[in-house]
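K.L.:
Got a file for you: protein-v6.csv, CSV, C-alpha atoms.
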chain,number,residue,atom,x,y,z
A,1363,MET,CA,0.0,0.0,0.0
A,1364,SER,CA,1.4,3.4,-0.9
A,1365,SER,CA,1.3,6.1,1.7
A,1366,THR,CA,0.1,9.6,1.3
A,1367,THR,CA,2.1,12.5,2.6
A,1368,PRO,CA,0.3,15.5,4.3
A,1369,SER,CA,1.3,17.8,1.5
A,1370,ASP,CA,-0.6,15.7,-1.0
A,1371,ILE,CA,-4.0,16.5,0.7
A,1372,PRO,CA,-6.1,19.3,-0.6
A,1373,ALA,CA,-7.5,21.6,2.1
A,1374,ASP,CA,-11.1,21.4,1.1
A,1375,ASP,CA,-11.7,17.7,0.9
A,1376,ILE,CA,-10.8,14.2,2.0
A,1377,PRO,CA,-9.2,12.8,-1.1
A,1378,ALA,CA,-10.0,9.2,-2.1
A,1379,ASP,CA,-6.3,8.1,-2.0
A,1380,ILE,CA,-5.8,8.7,1.7
A,1381,PRO,CA,-5.0,5.2,3.0
A,1382,GLU,CA,-7.5,3.4,5.3
A,1383,SER,CA,-4.8,3.0,8.0
A,1384,VAL,CA,-2.0,5.1,9.4
A,1385,PRO,CA,1.0,5.0,7.0
A,1386,ALA,CA,4.3,3.6,8.2
A,1387,VAL,CA,6.6,6.3,9.6
A,1388,SER,CA,10.3,5.5,9.6
A,1389,ALA,CA,11.1,7.8,12.6
A,1390,VAL,CA,9.0,5.8,15.0
A,1391,PRO,CA,11.3,4.2,17.7
A,1392,ALA,CA,11.6,0.4,17.4
A,1393,VAL,CA,10.6,0.2,21.1
A,1394,PRO,CA,8.5,3.0,22.5
A,1395,PRO,CA,9.3,4.1,26.1
A,1396,VAL,CA,7.5,2.7,29.1
A,1397,LEU,CA,4.9,5.2,30.3
A,1398,ALA,CA,3.4,3.0,33.0
A,1399,GLU,CA,4.3,-0.1,34.9
A,1400,VAL,CA,2.1,-2.7,36.6
A,1401,VAL,CA,3.2,-3.4,40.2
A,1402,ARG,CA,1.7,-6.4,42.1
A,1403,SER,CA,2.8,-7.2,45.6
A,1404,GLY,CA,6.0,-5.2,45.0
A,1405,PHE,CA,6.8,-7.0,41.8
A,1406,VAL,CA,6.8,-5.3,38.4
A,1407,GLU,CA,4.7,-7.7,36.3
A,1408,GLY,CA,4.1,-5.6,33.2
A,1409,HIS,CA,4.6,-2.4,31.3
A,1410,HIS,CA,2.6,-0.1,29.1
A,1411,ARG,CA,4.6,1.7,26.4
A,1412,GLY,CA,3.5,4.7,24.3
A,1413,SER,CA,4.2,8.3,23.2
A,1414,LEU,CA,3.4,11.6,24.9
A,1415,VAL,CA,3.8,15.3,24.3
A,1416,LEU,CA,3.5,18.3,26.6
A,1417,LEU,CA,3.1,21.8,25.3
A,1418,ALA,CA,4.0,25.0,27.1
A,1419,ALA,CA,1.5,27.9,27.2
A,1420,ASP,CA,3.1,29.4,24.1
A,1421,GLY,CA,2.6,26.2,22.1
A,1422,SER,CA,6.2,25.0,22.1
A,1423,VAL,CA,7.0,21.4,22.9
A,1424,GLU,CA,8.0,21.1,26.6
A,1425,MET,CA,8.4,17.4,26.7
A,1426,ALA,CA,8.3,14.6,24.1
A,1427,LEU,CA,8.4,10.9,24.8
A,1428,GLY,CA,8.4,8.2,22.1
A,1429,ASP,CA,7.4,9.7,18.8
A,1430,PRO,CA,4.5,12.2,19.2
A,1431,ALA,CA,5.1,13.3,15.5
A,1432,ALA,CA,3.9,10.0,14.2
A,1433,PRO,CA,0.2,9.8,13.2
A,1434,VAL,CA,-2.3,8.0,15.4
A,1435,PHE,CA,-6.1,7.6,15.4
A,1436,PRO,CA,-7.3,10.0,18.2
A,1437,ARG,CA,-10.5,8.1,18.3
A,1438,SER,CA,-13.0,10.1,20.5
A,1439,SER,CA,-10.5,12.7,21.3
A,1440,ASN,CA,-11.5,14.1,17.8
A,1441,LYS,CA,-15.0,14.8,19.0
A,1442,PRO,CA,-14.6,18.5,19.8
A,1443,MET,CA,-13.6,19.0,16.2
A,1444,GLN,CA,-16.6,16.9,15.0
A,1445,ALA,CA,-18.9,19.0,17.2
A,1446,ALA,CA,-17.4,22.2,15.8
A,1447,ALA,CA,-18.1,20.9,12.3
A,1448,VAL,CA,-21.8,20.7,12.9
A,1449,LEU,CA,-21.8,24.3,14.1
A,1450,ARG,CA,-19.9,25.4,11.1
A,1451,SER,CA,-22.5,23.6,9.0
A,1452,GLY,CA,-25.2,25.9,10.4
A,1453,LEU,CA,-26.7,23.9,13.2
A,1454,GLU,CA,-27.5,25.9,16.3
A,1455,LEU,CA,-26.6,24.0,19.5
A,1456,SER,CA,-25.5,25.2,22.9
A,1457,GLY,CA,-25.3,24.1,26.5
A,1458,GLU,CA,-26.0,20.5,27.3
A,1459,ARG,CA,-26.9,19.7,23.7
A,1460,LEU,CA,-23.6,20.9,22.3
A,1461,ALA,CA,-21.7,19.1,25.1
A,1462,LEU,CA,-23.5,15.9,24.2
A,1463,ALA,CA,-22.5,16.4,20.5
A,1464,ALA,CA,-18.9,16.2,21.7
A,1465,ALA,CA,-19.5,13.3,24.1
A,1466,SER,CA,-18.5,9.7,24.7
A,1467,HIS,CA,-21.3,9.6,27.2
A,1468,SER,CA,-21.7,7.0,29.9
A,1469,GLY,CA,-25.2,6.1,28.8
A,1470,GLU,CA,-26.8,7.4,32.0
A,1471,SER,CA,-30.5,8.1,32.0
A,1472,PHE,CA,-30.0,11.9,31.5
A,1473,HIS,CA,-27.7,11.2,28.5
A,1474,ARG,CA,-30.3,8.8,26.9
A,1475,ASP,CA,-33.2,11.2,27.6
A,1476,LEU,CA,-31.5,14.1,25.9
A,1477,VAL,CA,-30.6,12.1,22.9
A,1478,LEU,CA,-34.2,11.1,22.5
A,1479,LYS,CA,-35.3,14.7,23.0
A,1480,MET,CA,-32.9,16.0,20.4
A,1481,LEU,CA,-34.0,13.4,17.9
A,1482,ASP,CA,-37.6,14.4,18.4
A,1483,GLU,CA,-36.7,18.1,18.1
A,1484,TYR,CA,-35.2,17.6,14.6
A,1485,ARG,CA,-37.9,15.1,13.5
A,1486,LEU,CA,-35.5,12.2,13.6
A,1487,THR,CA,-35.8,8.8,15.2
A,1488,ALA,CA,-33.4,6.3,16.7
A,1489,ASP,CA,-33.7,4.3,13.5
A,1490,ASP,CA,-31.9,7.2,11.7
A,1491,LEU,CA,-28.8,6.7,13.8
A,1492,ARG,CA,-26.0,4.7,12.2
A,1493,CYS,CA,-24.0,4.0,15.3
A,1494,PRO,CA,-24.1,0.4,16.5
A,1495,GLU,CA,-26.5,-0.9,19.2
A,1496,ASP,CA,-24.7,-1.1,22.5
A,1497,LEU,CA,-25.1,-1.1,26.3
A,1498,PRO,CA,-24.2,2.0,28.4
A,1499,LEU,CA,-20.4,2.6,28.5
A,1500,ASP,CA,-20.4,3.0,32.3
A,1501,PRO,CA,-20.3,-0.5,34.0
A,1502,VAL,CA,-22.5,0.6,36.9
A,1503,GLU,CA,-25.0,2.1,34.5
A,1504,ALA,CA,-24.9,-0.9,32.3
A,1505,GLU,CA,-25.8,-3.2,35.2
A,1506,ALA,CA,-28.7,-1.0,36.2
A,1507,PHE,CA,-29.9,-0.7,32.6
A,1508,LEU,CA,-29.9,-4.5,32.2
A,1509,ALA,CA,-31.6,-5.1,35.5
A,1510,ALA,CA,-34.4,-2.8,34.4
A,1511,GLY,CA,-34.9,-4.9,31.3
A,1512,GLY,CA,-32.9,-2.7,28.9
A,1513,VAL,CA,-31.3,-4.2,25.7
A,1514,ARG,CA,-28.6,-3.0,23.5
A,1515,ASP,CA,-29.8,0.0,21.4
A,1516,ARG,CA,-28.3,2.9,19.4
A,1517,VAL,CA,-29.4,5.6,21.9
A,1518,ALA,CA,-27.4,3.9,24.7
A,1519,MET,CA,-24.3,3.8,22.6
A,1520,ASN,CA,-21.7,6.3,23.8
A,1521,CYS,CA,-21.5,8.2,20.5
A,1522,SER,CA,-25.3,8.6,20.0
A,1523,GLY,CA,-25.1,12.4,20.9
A,1524,LYS,CA,-22.5,13.0,18.2
A,1525,HIS,CA,-24.5,11.0,15.7
A,1526,THR,CA,-27.7,12.9,16.5
A,1527,ALA,CA,-26.0,16.2,16.0
A,1528,MET,CA,-24.5,15.1,12.7
A,1529,LEU,CA,-28.0,13.9,11.5
A,1530,ALA,CA,-29.5,17.2,12.6
A,1531,ALA,CA,-26.9,19.2,10.6
A,1532,CYS,CA,-27.6,17.1,7.6
A,1533,ALA,CA,-31.4,17.6,7.9
A,1534,LEU,CA,-30.9,21.4,8.2
A,1535,ASN,CA,-28.8,21.5,5.0
A,1536,GLY,CA,-30.8,19.0,3.0
A,1537,TRP,CA,-27.9,16.6,2.9
A,1538,PRO,CA,-28.5,12.9,2.6
A,1539,LEU,CA,-29.2,11.2,6.0
A,1540,ASP,CA,-28.6,7.6,5.1
A,1541,SER,CA,-25.0,8.3,3.9
A,1542,TYR,CA,-23.9,10.8,6.6
A,1543,LEU,CA,-21.1,8.5,7.7
A,1544,ASP,CA,-19.6,8.3,4.2
A,1545,ARG,CA,-16.1,9.9,4.1
A,1546,ASP,CA,-17.1,12.0,1.0
A,1547,HIS,CA,-20.4,13.3,2.5
A,1548,PRO,CA,-20.5,17.1,2.8
A,1549,LEU,CA,-20.7,16.9,6.6
A,1550,GLN,CA,-17.6,14.7,6.8
A,1551,ARG,CA,-15.7,17.0,4.5
A,1552,GLU,CA,-16.5,19.8,7.0
A,1553,VAL,CA,-15.3,17.6,9.8
A,1554,ALA,CA,-12.0,17.1,7.9
A,1555,ARG,CA,-11.6,20.9,7.6
A,1556,ALA,CA,-12.3,21.4,11.3
A,1557,VAL,CA,-9.7,18.8,12.2
A,1558,GLU,CA,-7.0,20.3,10.0
A,1559,ASP,CA,-7.8,23.9,11.0
A,1560,ALA,CA,-7.5,23.1,14.7
A,1561,SER,CA,-4.4,20.9,14.5
A,1562,GLY,CA,-2.4,22.8,11.9
A,1563,GLU,CA,-1.8,19.6,10.1
A,1564,ARG,CA,-3.1,17.8,7.1
A,1565,ILE,CA,-4.9,14.5,7.8
A,1566,ALA,CA,-2.5,11.6,7.6
A,1567,ALA,CA,-5.0,8.8,7.1
A,1568,VAL,CA,-8.7,8.1,7.3
A,1569,GLY,CA,-10.2,5.0,8.9
A,1570,THR,CA,-13.5,4.0,10.4
A,1571,ASP,CA,-14.1,4.6,14.1
A,1572,GLY,CA,-15.9,2.2,16.4
A,1573,CYS,CA,-19.2,4.1,16.0
A,1574,GLY,CA,-18.9,3.9,12.2
A,1575,ALA,CA,-17.9,7.6,11.5
A,1576,PRO,CA,-14.8,8.5,9.5
A,1577,LEU,CA,-11.7,8.8,11.7
A,1578,MET,CA,-9.0,11.2,10.9
A,1579,ALA,CA,-5.4,10.5,11.9
A,1580,LEU,CA,-3.2,13.2,13.4
A,1581,SER,CA,0.1,13.3,15.3
A,1582,LEU,CA,-0.1,13.6,19.1
A,1583,THR,CA,1.5,17.0,18.8
A,1584,GLY,CA,-1.2,18.1,16.4
A,1585,LEU,CA,-3.9,16.7,18.7
A,1586,ALA,CA,-2.5,18.7,21.7
A,1587,ARG,CA,-2.3,21.8,19.5
A,1588,ALA,CA,-5.9,21.3,18.5
A,1589,PHE,CA,-7.0,21.3,22.1
A,1590,ARG,CA,-4.9,24.3,22.8
A,1591,HIS,CA,-6.6,26.0,19.9
A,1592,TYR,CA,-10.0,25.4,21.4
A,1593,VAL,CA,-9.2,26.7,24.9
A,1594,LEU,CA,-7.7,29.9,23.3
A,1595,ALA,CA,-10.4,30.4,20.6
A,1596,ALA,CA,-12.0,33.8,20.2
A,1597,PRO,CA,-15.5,34.2,21.6
A,1598,GLY,CA,-18.2,33.5,19.2
A,1599,THR,CA,-16.3,31.0,17.1
A,1600,ALA,CA,-17.4,27.4,16.7
A,1601,GLU,CA,-14.3,26.3,18.6
A,1602,PHE,CA,-14.9,28.6,21.5
A,1603,ARG,CA,-18.6,27.5,21.7
A,1604,VAL,CA,-17.7,23.8,21.8
A,1605,ALA,CA,-15.0,24.3,24.5
A,1606,GLU,CA,-17.4,26.5,26.5
A,1607,ALA,CA,-20.2,23.9,26.4
A,1608,MET,CA,-17.9,21.0,27.3
A,1609,ARG,CA,-16.4,22.9,30.2
A,1610,ALA,CA,-19.8,24.1,31.5
A,1611,HIS,CA,-21.5,20.7,31.2
A,1612,PRO,CA,-18.8,18.0,31.6
A,1613,GLU,CA,-21.2,15.4,32.9
A,1614,TYR,CA,-22.7,15.4,29.4
A,1615,VAL,CA,-19.3,15.0,27.7
A,1616,ALA,CA,-18.5,11.9,29.8
A,1617,GLY,CA,-20.6,11.0,32.9
A,1618,THR,CA,-20.8,11.3,36.7
A,1619,ARG,CA,-18.0,8.7,37.3
A,1620,ARG,CA,-15.5,9.7,34.6
A,1621,PRO,CA,-12.1,11.5,34.9
A,1622,ASP,CA,-12.9,13.9,32.0
A,1623,THR,CA,-15.8,15.2,34.0
A,1624,TRP,CA,-13.8,15.5,37.2
A,1625,LEU,CA,-11.0,17.4,35.6
A,1626,MET,CA,-13.2,19.9,33.7
A,1627,ARG,CA,-15.3,20.4,36.8
A,1628,GLU,CA,-12.4,20.8,39.3
A,1629,VAL,CA,-9.6,22.5,37.3
A,1630,PRO,CA,-11.1,25.7,35.9
A,1631,GLY,CA,-10.8,26.2,32.2
A,1632,THR,CA,-9.7,22.7,31.4
A,1633,LEU,CA,-10.8,20.9,28.3
A,1634,SER,CA,-10.3,17.1,28.5
A,1635,LYS,CA,-11.4,14.3,26.2
A,1636,MET,CA,-10.3,10.6,26.2
A,1637,GLY,CA,-10.5,8.3,23.2
A,1638,ALA,CA,-10.6,4.6,22.8
A,1639,GLU,CA,-7.4,2.6,22.6
A,1640,ALA,CA,-6.0,4.7,25.4
A,1641,VAL,CA,-5.7,8.1,23.9
A,1642,GLN,CA,-6.0,11.3,25.9
A,1643,ALA,CA,-5.9,14.9,25.0
A,1644,LEU,CA,-6.2,17.9,27.4
A,1645,ALA,CA,-5.6,21.6,27.4
A,1646,LEU,CA,-5.5,24.0,30.4
A,1647,ALA,CA,-7.0,27.5,30.3
A,1648,ASP,CA,-3.6,29.2,29.6
A,1649,GLY,CA,-2.8,27.0,26.6
A,1650,ARG,CA,-0.7,24.4,28.2
A,1651,ALA,CA,-1.7,21.1,26.7
A,1652,LEU,CA,-0.9,17.4,26.4
A,1653,ALA,CA,-1.7,14.3,24.3
A,1654,PHE,CA,-0.6,10.7,24.7
A,1655,LYS,CA,-1.4,7.2,23.5
A,1656,ILE,CA,-0.7,3.9,25.2
A,1657,ASP,CA,0.4,1.6,22.5
A,1658,ASP,CA,-1.4,-1.5,23.7
A,1659,GLY,CA,-4.7,0.4,24.2
A,1660,ALA,CA,-4.8,-0.4,27.9
A,1661,THR,CA,-7.2,2.1,29.5
A,1662,ARG,CA,-6.0,1.1,33.0
A,1663,ALA,CA,-2.8,3.1,32.2
A,1664,LEU,CA,-4.7,6.3,31.2
A,1665,GLY,CA,-5.2,7.7,34.7
A,1666,PRO,CA,-1.7,7.3,36.1
A,1667,VAL,CA,-0.1,8.6,32.9
A,1668,LEU,CA,-2.5,11.6,32.8
A,1669,ALA,CA,-1.9,12.4,36.4
A,1670,ARG,CA,1.8,12.4,36.0
A,1671,ALA,CA,1.6,14.6,32.8
A,1672,LEU,CA,-0.6,17.1,34.7
A,1673,THR,CA,1.9,17.2,37.5
A,1674,LEU,CA,4.7,17.9,35.1
A,1675,LEU,CA,2.6,20.7,33.6
A,1676,GLY,CA,2.4,22.2,37.1
A,1677,VAL,CA,-1.2,21.3,38.0
A,1678,ASP,CA,-1.6,21.0,41.7
A,1679,ALA,CA,-5.2,19.9,42.6
A,1680,PRO,CA,-6.7,17.1,44.6
A,1681,VAL,CA,-8.4,15.7,41.5
A,1682,VAL,CA,-5.0,14.8,40.0
A,1683,GLY,CA,-4.5,12.2,42.7
A,1684,ARG,CA,-8.0,10.9,42.2
A,1685,VAL,CA,-7.5,10.6,38.4
A,1686,GLY,CA,-4.1,8.8,38.9
A,1687,ARG,CA,-5.3,6.1,41.3
A,1688,ALA,CA,-5.3,2.7,39.6
A,1689,PRO,CA,-5.2,-0.1,42.2
A,1690,LEU,CA,-4.7,-3.8,41.5
A,1691,LEU,CA,-6.6,-6.3,43.5
A,1692,GLY,CA,-5.8,-9.7,44.8
A,1693,GLY,CA,-8.4,-11.7,46.7
A,1694,GLY,CA,-10.6,-8.6,46.8
A,1695,GLU,CA,-7.9,-6.6,48.5
A,1696,GLU,CA,-5.6,-3.9,47.1
A,1697,VAL,CA,-2.1,-5.5,46.5
A,1698,GLY,CA,-0.6,-3.1,44.0
A,1699,SER,CA,-1.2,-0.5,41.3
A,1700,VAL,CA,-0.6,0.8,37.8
A,1701,ARG,CA,1.8,3.7,38.1
A,1702,ALA,CA,3.5,6.2,35.8
A,1703,ALA,CA,7.1,5.4,34.9
A,1704,PHE,CA,8.4,8.8,33.6
Any chance you could give the structure as structure tokens?

P.N.:
Amino acid sequence: MSSTTPSDIPADDIPADIPESVPAVSAVPAVPPVLAEVVRSGFVEGHHRGSLVLLAADGSVEMALGDPAAPVFPRSSNKPMQAAAVLRSGLELSGERLALAAASHSGESFHRDLVLKMLDEYRLTADDLRCPEDLPLDPVEAEAFLAAGGVRDRVAMNCSGKHTAMLAACALNGWPLDSYLDRDHPLQREVARAVEDASGERIAAVGTDGCGAPLMALSLTGLARAFRHYVLAAPGTAEFRVAEAMRAHPEYVAGTRRPDTWLMREVPGTLSKMGAEAVQALALADGRALAFKIDDGATRALGPVLARALTLLGVDAPVVGRVGRAPLLGGGEEVGSVRAAF
């Protein structure tokens, strides 16, 4: 398979020749550094490797581990840009509705209720959604959902808010609804522009996300710069409006038991969004930012690595310790932990 370089990509479209996977990058280290280690009963039984970048308030790289210049799929860390794209397409959203458009929600009742309300407001139904049927993302909520007789459905799926907003933007513009996830659909071309505008990079590859939407690859440095762009955006812009809604209503972006919610609620001005396969992006109010990916996709390493990165950025708040706690159990008792190793 031939790879496509960023300079080959026109600014106003997603060209057909972008590969459906991240192209090989020769500069990637053969063995990425250890970002977290698994310690059980005082014995290091495993490691989680990956890449990470920290940006100073002026946007310069303050720390780089591994190869943050290599493209990765940000997964749901791209959602602020997807939400900005629906605004740039003319859809008027604000408050909880806009936060839900940028969400990987936990599937709690208030998430599901608002998705259904938004579908009704735009004369849509759950059958119009093209995200897969699923259970609530939050394990506690999933157990309660099943106990109440719930079954997998599209509204409970964590990306249903994003898909509802995408469909609403299509309905507003008279764009096809049944093909809104096609990479050459007008809405997805607008998403591509929003991703490139925020990151300052050309899209390196396009794949398919777990929810079925097109997924644009960026470097971790580009992802961190995108989040920095959002927290520093001028009032009234789509980027500002998305960041404002996410920070004002973090429980709609994630859920009541999620680190993104805790951070946006307890560290003023913070914009935080995790993604599947252990991706995390975050920016502080003054423009300091970070992005990282754990190579093996282990989400248990997210919290410890994020907490350490925040400490290195100078964040001193009780929530950092809460985010970083990742205990290991043995016989129902705590016998170790996953801890940062940098």

K.L.:
Have a look at A:Asp1622, A:Asp1500, A:Asp1420, A:Asp1482 and name the one nearest to Leu1644 of chain A; count all atoms listed in the file.

P.N.:
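Closest residue, counting all atoms listed in the file: A:Asp1622.
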
K.L.:
Taking into account all atoms listed in the file, which residue in the set A:Ala1600, A:Ala1518, A:Leu1652, A:Leu1499 is nearest to Gly1617 of chain A?

P.N.:
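Closest candidate: A:Leu1499.
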
K.L.:
Set the distance at 8 Å and use all atoms listed in the file: which residues neighbour segment 1588-1597 of chain A once local chain neighbours fewer than 4 positions away are removed? I'd like the list as a PyMOL selection string.

P.N.:
chain A and resi 1421+1557+1560-1562+1584+1601-1605+1631-1633+1643-1651

K.L.:
Identify, on the basis of all atoms listed in the file, every residue whose closest approach to Asp1678 of chain A does not exceed 12 Å; exclude the query and any residue fewer than 6 positions from it along the same chain; express the result as a short mmCIF file (atom, residue, chain, number, x, y, z; two decimals) with C-alpha atoms, keeping the file's coordinate frame.

P.N.:
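Everything below was put into around-v2.cif:
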data_model
loop_
_atom_site.label_atom_id
_atom_site.label_comp_id
_atom_site.auth_asym_id
_atom_site.auth_seq_id
_atom_site.Cartn_x
_atom_site.Cartn_y
_atom_site.Cartn_z
CA LEU A 1625 -11.00 17.40 35.60
CA GLU A 1628 -12.40 20.80 39.30
CA VAL A 1629 -9.60 22.50 37.30
CA ALA A 1669 -1.90 12.40 36.40
CA ARG A 1670 1.80 12.40 36.00
CA ALA A 1671 1.60 14.60 32.80
CA LEU A 1672 -0.60 17.10 34.70
CA ARG A 1684 -8.00 10.90 42.20
#

K.L.:
Which value, in Å to one decimal, gives the distance between atom CA of Ala1392 of chain A and atom CA of Thr1673 of chain A?

P.N.:
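Atom CA of Ala1392 of chain A sits 27.9 Å away from atom CA of Thr1673 of chain A.
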
K.L.:
Write out as a list in words each polymer residue whose atoms come within 10 Å of His1525 of chain A, counting all atoms listed in the file; drop sequence neighbours fewer than 4 positions from it.

P.N.:
Gln1444, Ala1445, Leu1462, Ala1463, Ala1464, Val1477, Asp1490, Leu1491, Arg1492, Cys1493, Arg1516, Val1517, Met1519, Asn1520, Cys1521, Leu1529, Ala1530, Ala1531, Tyr1542, Leu1543, Cys1573, Gly1574 and Ala1575 of chain A

K.L.:
Taking only C-alpha atoms into account, which of A:Ala1488, A:Val1667, A:Ala1610, A:Ala1447 comes nearest Ala1703 of chain A?

P.N.:
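Counting only C-alpha atoms, the residue closest to Ala1703 of chain A is A:Val1667.
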
K.L.:
Can you complete the atoms of segment 1611-1619 of chain A to all heavy atoms and list them as a CSV table (one decimal), keeping the file's coordinate frame?

P.N.:
chain,number,residue,atom,x,y,z
A,1611,HIS,N,-20.6,21.8,31.0
A,1611,HIS,CA,-21.5,20.7,31.2
A,1611,HIS,C,-20.7,19.4,31.0
A,1611,HIS,O,-21.0,18.5,30.2
A,1611,HIS,CB,-22.7,20.7,30.2
A,1611,HIS,CG,-23.5,22.0,30.3
A,1611,HIS,ND1,-24.4,22.2,31.3
A,1611,HIS,CD2,-23.5,23.1,29.5
A,1611,HIS,CE1,-24.9,23.4,31.1
A,1611,HIS,NE2,-24.4,23.9,30.0
A,1612,PRO,N,-19.6,19.2,31.8
A,1612,PRO,CA,-18.8,18.0,31.6
A,1612,PRO,C,-19.4,16.7,31.8
A,1612,PRO,O,-19.0,15.7,31.2
A,1612,PRO,CB,-17.6,18.3,32.6
A,1612,PRO,CG,-18.2,19.1,33.7
A,1612,PRO,CD,-19.2,20.0,32.9
A,1613,GLU,N,-20.5,16.7,32.6
A,1613,GLU,CA,-21.2,15.4,32.9
A,1613,GLU,C,-21.9,14.9,31.6
A,1613,GLU,O,-22.1,13.7,31.4
A,1613,GLU,CB,-22.2,15.5,34.0
A,1613,GLU,CG,-23.4,16.4,33.7
A,1613,GLU,CD,-23.1,17.9,33.9
A,1613,GLU,OE1,-21.9,18.3,34.1
A,1613,GLU,OE2,-24.0,18.7,33.7
A,1614,TYR,N,-22.2,15.8,30.7
A,1614,TYR,CA,-22.7,15.4,29.4
A,1614,TYR,C,-21.7,15.0,28.4
A,1614,TYR,O,-22.0,14.2,27.4
A,1614,TYR,CB,-23.6,16.5,28.8
A,1614,TYR,CG,-25.0,16.6,29.4
A,1614,TYR,CD1,-25.2,17.4,30.6
A,1614,TYR,CD2,-26.0,15.9,28.9
A,1614,TYR,CE1,-26.4,17.5,31.2
A,1614,TYR,CE2,-27.3,16.0,29.5
A,1614,TYR,CZ,-27.5,16.8,30.6
A,1614,TYR,OH,-28.7,16.8,31.3
A,1615,VAL,N,-20.5,15.4,28.6
A,1615,VAL,CA,-19.3,15.0,27.7
A,1615,VAL,C,-18.9,13.6,28.1
A,1615,VAL,O,-18.5,12.8,27.2
A,1615,VAL,CB,-18.1,15.9,27.9
A,1615,VAL,CG1,-17.0,15.5,27.1
A,1615,VAL,CG2,-18.5,17.3,27.5
A,1616,ALA,N,-19.0,13.2,29.4
A,1616,ALA,CA,-18.5,11.9,29.8
A,1616,ALA,C,-19.6,11.3,30.7
A,1616,ALA,O,-20.5,10.6,30.2
A,1616,ALA,CB,-17.2,12.1,30.6
A,1617,GLY,N,-19.6,11.5,32.0
A,1617,GLY,CA,-20.6,11.0,32.9
A,1617,GLY,C,-20.2,11.3,34.4
A,1617,GLY,O,-19.2,11.9,34.6
A,1618,THR,N,-21.0,10.9,35.3
A,1618,THR,CA,-20.8,11.3,36.7
A,1618,THR,C,-19.6,10.5,37.3
A,1618,THR,O,-19.1,11.0,38.4
A,1618,THR,CB,-22.0,11.0,37.5
A,1618,THR,OG1,-22.4,9.6,37.4
A,1618,THR,CG2,-23.2,11.9,37.0
A,1619,ARG,N,-19.1,9.5,36.7
A,1619,ARG,CA,-18.0,8.7,37.3
A,1619,ARG,C,-16.8,8.6,36.4
A,1619,ARG,O,-16.1,7.6,36.3
A,1619,ARG,CB,-18.5,7.3,37.6
A,1619,ARG,CG,-19.5,7.2,38.7
A,1619,ARG,CD,-20.1,5.8,38.9
A,1619,ARG,NE,-21.0,5.4,37.9
A,1619,ARG,CZ,-22.3,5.7,38.0
A,1619,ARG,NH1,-22.8,6.2,39.1
A,1619,ARG,NH2,-23.2,5.3,37.0
